Every structure is written in structure tokens, then in C-alpha cells.
Amino acid sequence: MAGALRNLPPNILPPVIAKVDPDSDPILTVVVSGQMGRRELTEIADKIVRRGIQTVDGVGEVNLIGARVAKSAY
């Protein structure tokens, strides 16, 4: 990598190099859908599905994607 860095323009930020663990790739995708609004589905996905999966031994992280959260009062 050091050899390639000298070919980059001087005003560019250096690239970020990160070690990747192939075992950390997602192994399960769950889709929650229904006849209710997105906020209600998000609440079910968060309070029931996500929290249930998080309690399984060996689960490192659970992410909600596409969630609809209530607007802040601030």
C-alpha cells in the first residue's frame, strides 16, 4: 500500500485500511411486513423480533434497516 500512496494526489486523504473478519458477515435477514403502518411495523420489529434475536447465544449484533421512528419533540 505504501508504494501506491506516493501515486495519489498530495491533497487527498489517505485511504482507510481495515481488517475484515469474514465471520462477521450477516447470516440472517428477516423481513417484517403487514397491513399496518411503518411505525407500527418498526415497533414490532424492534420490540419483538430484534430483541428476541439478540437474546440468542452467539448473536453479536442485530440491525434494523428501514425503521420508522417517531419524531422528536425537540
# chains A, B, ... in the order shown; residues from 1 in each chain; ligands from 1
>>> residues_around(residues="Thr29 (chain A)", least_positions_apart="5", cutoff="12 Å", atoms="only C-alpha atoms", output="list in words")
Val49, Arg50, Ile53, Val62, Asn63, Leu64 and Ile65 of chain A
>>> residues_around(residues="region 34-48 of chain A", least_positions_apart="4", cutoff="6 Å", atoms="only C-alpha atoms", output="list in words")
Gly52, Ala67 and Arg68 of chain A
>>> write_last_selection(atoms="N, CA, C and O atoms", output="CSV table (one decimal), in the first residue's frame")
chain,number,residue,atom,x,y,z
A,52,GLY,N,-35.8,-10.4,20.5
A,52,GLY,CA,-35.8,-11.8,20.6
A,52,GLY,C,-34.5,-12.4,20.0
A,52,GLY,O,-33.9,-13.4,20.6
A,67,ALA,N,-36.2,1.4,9.4
A,67,ALA,CA,-37.1,1.6,10.5
A,67,ALA,C,-37.7,3.0,10.5
A,67,ALA,O,-37.0,4.0,10.0
A,68,ARG,N,-38.9,3.2,11.0
A,68,ARG,CA,-39.5,4.5,11.0
A,68,ARG,C,-39.7,4.8,12.5
A,68,ARG,O,-40.3,4.1,13.2
>>> select_by_dssp(residues="chain A", states="alpha helix (DSSP H)", output="PyMOL selection string")
chain A and resi 2-5+38-44+51-54
>>> write_last_selection(atoms="N, CA and C atoms", output="PDB file, in the first residue's frame")
ATOM      1  N   ALA A   2       1.952   1.206   0.719  1.00  0.00           N
ATOM      2  CA  ALA A   2       2.821   2.379   0.809  1.00  0.00           C
ATOM      3  C   ALA A   2       3.324   2.804  -0.568  1.00  0.00           C
ATOM      4  N   GLY A   3       3.576   1.841  -1.438  1.00  0.00           N
ATOM      5  CA  GLY A   3       4.046   2.160  -2.784  1.00  0.00           C
ATOM      6  C   GLY A   3       2.987   2.876  -3.606  1.00  0.00           C
ATOM      7  N   ALA A   4       1.717   2.530  -3.401  1.00  0.00           N
ATOM      8  CA  ALA A   4       0.637   3.166  -4.151  1.00  0.00           C
ATOM      9  C   ALA A   4       0.327   4.551  -3.618  1.00  0.00           C
ATOM     10  N   LEU A   5       0.597   4.810  -2.350  1.00  0.00           N
ATOM     11  CA  LEU A   5       0.289   6.114  -1.752  1.00  0.00           C
ATOM     12  C   LEU A   5       1.040   7.253  -2.431  1.00  0.00           C
ATOM     13  N   ARG A  38     -45.823   1.877   8.896  1.00  0.00           N
ATOM     14  CA  ARG A  38     -44.399   1.611   9.081  1.00  0.00           C
ATOM     15  C   ARG A  38     -43.968   1.778  10.538  1.00  0.00           C
ATOM     16  N   ARG A  39     -44.543   2.761  11.241  1.00  0.00           N
ATOM     17  CA  ARG A  39     -44.187   2.944  12.654  1.00  0.00           C
ATOM     18  C   ARG A  39     -44.575   1.732  13.496  1.00  0.00           C
ATOM     19  N   GLU A  40     -45.758   1.204  13.248  1.00  0.00           N
ATOM     20  CA  GLU A  40     -46.204   0.015  13.990  1.00  0.00           C
ATOM     21  C   GLU A  40     -45.329  -1.191  13.659  1.00  0.00           C
ATOM     22  N   LEU A  41     -45.003  -1.357  12.388  1.00  0.00           N
ATOM     23  CA  LEU A  41     -44.121  -2.456  11.993  1.00  0.00           C
ATOM     24  C   LEU A  41     -42.742  -2.302  12.613  1.00  0.00           C
ATOM     25  N   THR A  42     -42.252  -1.063  12.670  1.00  0.00           N
ATOM     26  CA  THR A  42     -40.952  -0.809  13.291  1.00  0.00           C
ATOM     27  C   THR A  42     -40.985  -1.189  14.759  1.00  0.00           C
ATOM     28  N   GLU A  43     -42.063  -0.858  15.444  1.00  0.00           N
ATOM     29  CA  GLU A  43     -42.178  -1.194  16.863  1.00  0.00           C
ATOM     30  C   GLU A  43     -42.171  -2.710  17.064  1.00  0.00           C
ATOM     31  N   ILE A  44     -42.887  -3.435  16.224  1.00  0.00           N
ATOM     32  CA  ILE A  44     -42.889  -4.899  16.307  1.00  0.00           C
ATOM     33  C   ILE A  44     -41.497  -5.447  16.000  1.00  0.00           C
ATOM     34  N   ARG A  51     -35.222  -7.803  19.617  1.00  0.00           N
ATOM     35  CA  ARG A  51     -34.878  -8.171  20.997  1.00  0.00           C
ATOM     36  C   ARG A  51     -34.876  -9.675  21.198  1.00  0.00           C
ATOM     37  N   GLY A  52     -35.767 -10.372  20.502  1.00  0.00           N
ATOM     38  CA  GLY A  52     -35.774 -11.832  20.588  1.00  0.00           C
ATOM     39  C   GLY A  52     -34.520 -12.448  19.998  1.00  0.00           C
ATOM     40  N   ILE A  53     -34.094 -11.944  18.847  1.00  0.00           N
ATOM     41  CA  ILE A  53     -32.885 -12.476  18.199  1.00  0.00           C
ATOM     42  C   ILE A  53     -31.656 -12.142  19.024  1.00  0.00           C
ATOM     43  N   GLN A  54     -31.622 -10.951  19.641  1.00  0.00           N
ATOM     44  CA  GLN A  54     -30.464 -10.558  20.445  1.00  0.00           C
ATOM     45  C   GLN A  54     -30.243 -11.476  21.642  1.00  0.00           C
TER      46      GLN A  54
END
